[in-house]
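Below is one structure; the comments refer to it alone.
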Amino acid sequence: MSIVLETRDLSVHFGGHVAVDGVSCAFDRGILTAIVGPNGAGKSTYFNLISGQLRATAGAVLLEGRDLTALSAPKRTQLGLGRAFQLTNLFPSLTVLENVRLAFQARLGPGLDFLTMAISHSELHDRAVACLERVKLQTRATFPAAALPHGDQRKLEVAILLALDPLVFMFDEPTAGMSVDEVPTILDLIEEIREQRDKTILLVEHKMEVVRRLADRVIVLHQGKLVADGAPAAVVASTIVQEAYLGVAHV
Amino acid sequence: MLLSGDPPRGRILSAMLATIVAVLAVAPFLFPSTRALAVAERIAILIVLTASYDMLLGYTGIVSFAHTMFFGMGAYGVAIALTRFGAGWGQVVIGALAGMLLAIVVAAIVGLLSLRVRAIFFAMITLAVASFAQILASTMRDWTGGEDGLTFEVPKTLTSAFRLGGGYNGNLVTYYLIFTVAAVLFLFLLRVVNSPMGRVLQAIRENEFRAEALGLRTLWYRTLAGAIAAAAASLAGSLLALQLRYTGPDATLSFSLMVDILLIVVIGGMGTLYGAIVGATIMTMAQYYLQPAMGGLANAFSGVPLMQAVLDPDRWLLWLGLLFIAIVYFFPTGIVGRLRTP
Ligand SMILES: Nc1ncnc2c1ncn2[C@@H]1O[C@H](COP(=O)(O)OP(=O)(O)OP(=O)(O)O)[C@@H](O)[C@H]1O
Ligand SMILES: [Mg+2]
């Protein structure tokens, strides 16, 4: 199998606090890796280091063998690292459709073009509409993103990532705070991407039943360190995970 | 097409805008007095100046205090070219282009400076650059005429010595030159804010962090927006130079003009572009007509002591201030924001 994404000794510290501590890990094409660990373990920070929102103190990030460590977040996105955020991160007063259309525009789009009309690029519009149908938000297309209920905002967050169609999908607790009847829409979508087997998926997830259903592989972060790595059943059953989650209610 | 797919939306608003534009289009025939014509010309120029500022403030969320500097560059470009090389059309074009080029280059440099600084520091940088430009303009006397500014001849076609039929003269040509260039520039800016790039500007205003995570290099977009706005402001400045046949620091570079621009954008409605039309009209009319109107009222109340004091024409700024507070209070999204149907 081919390695798509790799981190080597990736570390970052905030003052004296080491949030991610020498994490070396490789991710193969077509594999969904779940990243688990207690609150504050450094999962989101690890994502930020990979997708470039945060600069590493030490270590390297490689995408298809290319060293990305010195590159900016936009450049990394252009090269194929796609990110959905744990805390919903949208363009609040723009419409739902425009949020997704902008993602298509960023990927396929006319760039710094300032002489044509945005509405005349109908292929971007049509793709955005189709994308909203996949997350079942088509009826909300004309609402401002800020007016959506929380669950729908999470769906929009996922729709934006789908629009970017990256090599590496990074989902950070995509279903957190969603009502039970909304969760399957998102999980089915992630499963659909996984079944294509040509994308690399990283999924931060606390719910163990979701991990068991979707993951091909599980890694465990604990106090910034990678402490376990392996097949889901084995890792979830391991003492280290049991210890890490001891007392955490949602296991 | 002309409106770039972004009509005003809302009947009252459309009627209001149509009235302003229609009156401006035939102003020389409605109001033959030179003063009224000067008011109409100033409105047209301010519309371009504030619409280009709205592209930065309202669409992109960039706070800059250097906009009058770019206005001044266009004005001084034309003024210096006409003063030094004589009153020809070639000089007008070269002066305007030189001013615009300088504005674009300086805007690009200032824009790239924003690479690592937060919005508040960026505003500070623009303030410093604008002050520096003011000092340059008042100290480089040989070029700029210092505090006195430059008074110059314009091409004969633009003066009253140029006779047209029916009692009209070159002032009519000046007016329609200003009106046409202003209209083209406004429609151009409307196109820009509704272009794919314009959508990115709104994304930057809404959530720059997220825009970067989409793969958009926001620095380039901000810099390009700054350069386009500076070019438009500079051309508006060139129009002002032709209108006044004079350029000086107070007319183009002053911070009180910068405050006027801010007020116009806020009163008209940020992020609408049409707000510039409404705001510039209200502001200019108030500045030109509030004081005389109060003089008239004060005379009418000449027997009533308190009323006379309150309506004293010297207090017109107080009333202007109250008018603006009332507008901002009742229309927090500006007049256009209020009248626009979503
Ligand atoms: N920008 C920052 N500055 C300082 N400390 C930070 C910063 N970002 C994260 N941290 C700290 O780093 C640690 C790891 O945080 P992180 O958000 O990565 O945890 P997480 O594993 O995603 O947790 P959760 O499950 O709650 O989302 C925490 O102690 C957090 O307080
Ligand atoms: Mg997290």
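Order determines the names: the first chain of the structure tokens is A, the second B, and so forth; residues in each chain are numbered 1 upward, and ligands are numbered 1 upward as they are shown.
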
Find the residues of chain B that sit at most 12 Å from chain A; for each, write down the nearest two atoms and how far apart they are in Å, to one decimal. Count only C-alpha atoms. Sort by chain, then by number going up, and give it as CSV.
```
residue,atom,partner,partner_atom,distance
B:Met1,CA,A:Met117,CA,8.9
B:Leu2,CA,A:Met117,CA,10.9
B:Leu3,CA,A:Met117,CA,10.1
B:Ser4,CA,A:Met117,CA,6.3
B:Gly5,CA,A:Met117,CA,7.4
B:Asp6,CA,A:Met117,CA,9.6
B:Tyr59,CA,A:Leu94,CA,11.7
B:Leu187,CA,A:Leu115,CA,11.1
B:Phe188,CA,A:Leu115,CA,8.3
B:Leu189,CA,A:Phe114,CA,9.4
B:Leu190,CA,A:Met117,CA,9.9
B:Arg191,CA,A:Leu115,CA,6.4
B:Val192,CA,A:Phe114,CA,5.0
B:Val193,CA,A:Phe114,CA,7.7
B:Asn194,CA,A:Met117,CA,5.7
B:Ser195,CA,A:Met117,CA,4.4
B:Pro196,CA,A:Ala118,CA,4.5
B:Met197,CA,A:Phe114,CA,5.2
B:Gly198,CA,A:Phe114,CA,6.8
B:Arg199,CA,A:Ala118,CA,7.4
B:Val200,CA,A:Leu102,CA,7.3
B:Leu201,CA,A:Leu112,CA,10.3
B:Gln202,CA,A:Leu94,CA,8.1
B:Ala203,CA,A:Phe91,CA,6.3
B:Ile204,CA,A:Phe91,CA,8.7
B:Arg205,CA,A:Phe91,CA,8.7
B:Glu206,CA,A:Phe91,CA,5.2
B:Asn207,CA,A:Phe91,CA,5.7
B:Glu208,CA,A:Phe91,CA,8.9
B:Phe209,CA,A:Gln53,CA,8.4
B:Arg210,CA,A:Asn89,CA,6.5
B:Ala211,CA,A:Pro74,CA,8.3
B:Glu212,CA,A:Pro74,CA,4.9
B:Ala213,CA,A:Pro74,CA,5.7
B:Leu214,CA,A:Ala103,CA,5.9
B:Gly215,CA,A:Pro74,CA,3.7
B:Leu216,CA,A:Pro74,CA,5.5
B:Arg217,CA,A:Pro74,CA,5.7
B:Thr218,CA,A:Pro74,CA,8.6
B:Leu219,CA,A:Pro74,CA,10.6
B:Trp220,CA,A:Leu112,CA,8.1
B:Tyr221,CA,A:Leu112,CA,6.8
B:Arg222,CA,A:Leu112,CA,10.4
B:Thr223,CA,A:Leu112,CA,10.7
B:Leu224,CA,A:Leu112,CA,8.1
B:Ala225,CA,A:Phe114,CA,9.4
B:Ile228,CA,A:Phe114,CA,9.8
B:Gly271,CA,A:Ser93,CA,12.0
B:Pro342,CA,A:Thr142,CA,10.1
```

Using only C-alpha atoms and all ligand atoms, find each residue of chain A with at least one atom at most 10 Å away from an atom of ligand 1; report its shortest atom-to-atom pair and that distance in Å (one decimal), sort the rows by chain and rising residue number, and return the result as JSON lines.
```
{"residue": "A:Val12", "atom": "CA", "partner": "ligand 1", "partner_atom_place_in_ligand_line": "12 (O)", "distance": 9.0}
{"residue": "A:His13", "atom": "CA", "partner": "ligand 1", "partner_atom_place_in_ligand_line": "5 (N)", "distance": 7.9}
{"residue": "A:Phe14", "atom": "CA", "partner": "ligand 1", "partner_atom_place_in_ligand_line": "4 (C)", "distance": 5.1}
{"residue": "A:Gly15", "atom": "CA", "partner": "ligand 1", "partner_atom_place_in_ligand_line": "4 (C)", "distance": 7.8}
{"residue": "A:Gly16", "atom": "CA", "partner": "ligand 1", "partner_atom_place_in_ligand_line": "5 (N)", "distance": 9.8}
{"residue": "A:His17", "atom": "CA", "partner": "ligand 1", "partner_atom_place_in_ligand_line": "5 (N)", "distance": 7.4}
{"residue": "A:Val18", "atom": "CA", "partner": "ligand 1", "partner_atom_place_in_ligand_line": "12 (O)", "distance": 7.4}
{"residue": "A:Ala19", "atom": "CA", "partner": "ligand 1", "partner_atom_place_in_ligand_line": "12 (O)", "distance": 4.4}
{"residue": "A:Val20", "atom": "CA", "partner": "ligand 1", "partner_atom_place_in_ligand_line": "14 (C)", "distance": 7.4}
{"residue": "A:Ile35", "atom": "CA", "partner": "ligand 1", "partner_atom_place_in_ligand_line": "21 (O)", "distance": 9.1}
{"residue": "A:Val36", "atom": "CA", "partner": "ligand 1", "partner_atom_place_in_ligand_line": "21 (O)", "distance": 7.9}
{"residue": "A:Gly37", "atom": "CA", "partner": "ligand 1", "partner_atom_place_in_ligand_line": "21 (O)", "distance": 6.3}
{"residue": "A:Pro38", "atom": "CA", "partner": "ligand 1", "partner_atom_place_in_ligand_line": "25 (O)", "distance": 5.7}
{"residue": "A:Asn39", "atom": "CA", "partner": "ligand 1", "partner_atom_place_in_ligand_line": "25 (O)", "distance": 3.6}
{"residue": "A:Gly40", "atom": "CA", "partner": "ligand 1", "partner_atom_place_in_ligand_line": "19 (O)", "distance": 3.4}
{"residue": "A:Ala41", "atom": "CA", "partner": "ligand 1", "partner_atom_place_in_ligand_line": "21 (O)", "distance": 3.8}
{"residue": "A:Gly42", "atom": "CA", "partner": "ligand 1", "partner_atom_place_in_ligand_line": "18 (O)", "distance": 3.2}
{"residue": "A:Lys43", "atom": "CA", "partner": "ligand 1", "partner_atom_place_in_ligand_line": "21 (O)", "distance": 3.7}
{"residue": "A:Ser44", "atom": "CA", "partner": "ligand 1", "partner_atom_place_in_ligand_line": "22 (O)", "distance": 3.6}
{"residue": "A:Thr45", "atom": "CA", "partner": "ligand 1", "partner_atom_place_in_ligand_line": "18 (O)", "distance": 3.6}
{"residue": "A:Tyr46", "atom": "CA", "partner": "ligand 1", "partner_atom_place_in_ligand_line": "18 (O)", "distance": 6.3}
{"residue": "A:Phe47", "atom": "CA", "partner": "ligand 1", "partner_atom_place_in_ligand_line": "18 (O)", "distance": 7.9}
{"residue": "A:Asn48", "atom": "CA", "partner": "ligand 1", "partner_atom_place_in_ligand_line": "18 (O)", "distance": 8.2}
{"residue": "A:Leu49", "atom": "CA", "partner": "ligand 1", "partner_atom_place_in_ligand_line": "18 (O)", "distance": 9.8}
{"residue": "A:Gln53", "atom": "CA", "partner": "ligand 1", "partner_atom_place_in_ligand_line": "1 (N)", "distance": 9.8}
{"residue": "A:Leu54", "atom": "CA", "partner": "ligand 1", "partner_atom_place_in_ligand_line": "1 (N)", "distance": 8.0}
{"residue": "A:Gln86", "atom": "CA", "partner": "ligand 1", "partner_atom_place_in_ligand_line": "27 (O)", "distance": 7.1}
{"residue": "A:Leu87", "atom": "CA", "partner": "ligand 1", "partner_atom_place_in_ligand_line": "27 (O)", "distance": 9.0}
{"residue": "A:Asp172", "atom": "CA", "partner": "ligand 1", "partner_atom_place_in_ligand_line": "27 (O)", "distance": 8.0}
{"residue": "A:Glu173", "atom": "CA", "partner": "ligand 1", "partner_atom_place_in_ligand_line": "27 (O)", "distance": 7.9}
{"residue": "A:Val204", "atom": "CA", "partner": "ligand 1", "partner_atom_place_in_ligand_line": "22 (O)", "distance": 8.1}
{"residue": "A:Glu205", "atom": "CA", "partner": "ligand 1", "partner_atom_place_in_ligand_line": "25 (O)", "distance": 8.2}
{"residue": "A:His206", "atom": "CA", "partner": "ligand 1", "partner_atom_place_in_ligand_line": "25 (O)", "distance": 7.4}
{"residue": "A:Leu221", "atom": "CA", "partner": "ligand 1", "partner_atom_place_in_ligand_line": "21 (O)", "distance": 7.6}
{"residue": "A:His222", "atom": "CA", "partner": "ligand 1", "partner_atom_place_in_ligand_line": "21 (O)", "distance": 8.2}
{"residue": "A:Gln223", "atom": "CA", "partner": "ligand 1", "partner_atom_place_in_ligand_line": "14 (C)", "distance": 7.7}
{"residue": "A:Gly224", "atom": "CA", "partner": "ligand 1", "partner_atom_place_in_ligand_line": "14 (C)", "distance": 7.1}
```

* Asked: If you run DSSP on the backbone, which residues of stretch 159-236 of chain A are strand (DSSP E or B), as a PyMOL selection string?
  -> chain A and resi 168-172+200-204+217-222+225-230

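Within 10 Å of A:Ala60, once only C-alpha atoms are used and residues closer than 5 positions along the same chain are dropped, the contacting residues are A:Glu6, A:Thr7, A:Arg8, A:Asp9, A:Leu10, A:Ser11, A:Gly22, A:Val23, A:Ser24, A:Leu49, A:Ile50, A:Asp67, A:Leu68, A:Thr69, A:Ala70.
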
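Proximity to ligand 2 was assessed for A:Thr185, A:Phe171, A:Leu124, A:Thr239 counting only C-alpha atoms and all ligand atoms; the smallest distance is recorded for A:Phe171.
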
* Asked: Can you tell me how far atom CA of B:Ile104 sits from atom CA of B:Ala227, in Å to one decimal?
  ->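 Going from atom CA of B:Ile104 over to atom CA of B:Ala227, I get 4.8 Å.
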
* To do: Work out how far atom CA of A:Ala128 is from atom CA of A:Ala145, in Å to one decimal.
  => 14.3 Å

* Near stretch 25-28 of chain B, counting only C-alpha atoms, which residues have an atom at most 8 Å away, once you skip same-chain residues fewer than 2 positions from it, shown as a list in words? -> Val21, Ala22, Val23, Leu30, Phe31, Pro32, Leu37, Ala40, Leu172, Tyr175 and Phe179 of chain B

* Asked: At what distance in Å, to one decimal, does atom CA of B:Trp316 lie from atom CA of B:Met294?
  ->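 Separation between atom CA of B:Met294 and atom CA of B:Trp316: 7.1 Å.
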
* To do: Rank nothing, just name the residue among A:Thr142, A:Thr88, A:Gln242, A:Thr33 nearest to ligand 2, using only C-alpha atoms and all ligand atoms.
  =>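 Using only C-alpha atoms and all ligand atoms, ligand 2 sits closest to A:Thr88.
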
* Asked: Which neighbours of B:Ser138 fall inside 12 Å, counting only C-alpha atoms, when residues of the same chain fewer than 4 positions from it are skipped, and could you give them as a list in words?
  -> Tyr76, Ser131, Phe132, Ala133, Gln134, Asp142, Trp143, Thr144, Gly145, Gly146, Glu147, Asp148, Gly149, Leu150, Thr247, Gly248, Pro249, Asp250, Leu253 and Ser254 of chain B
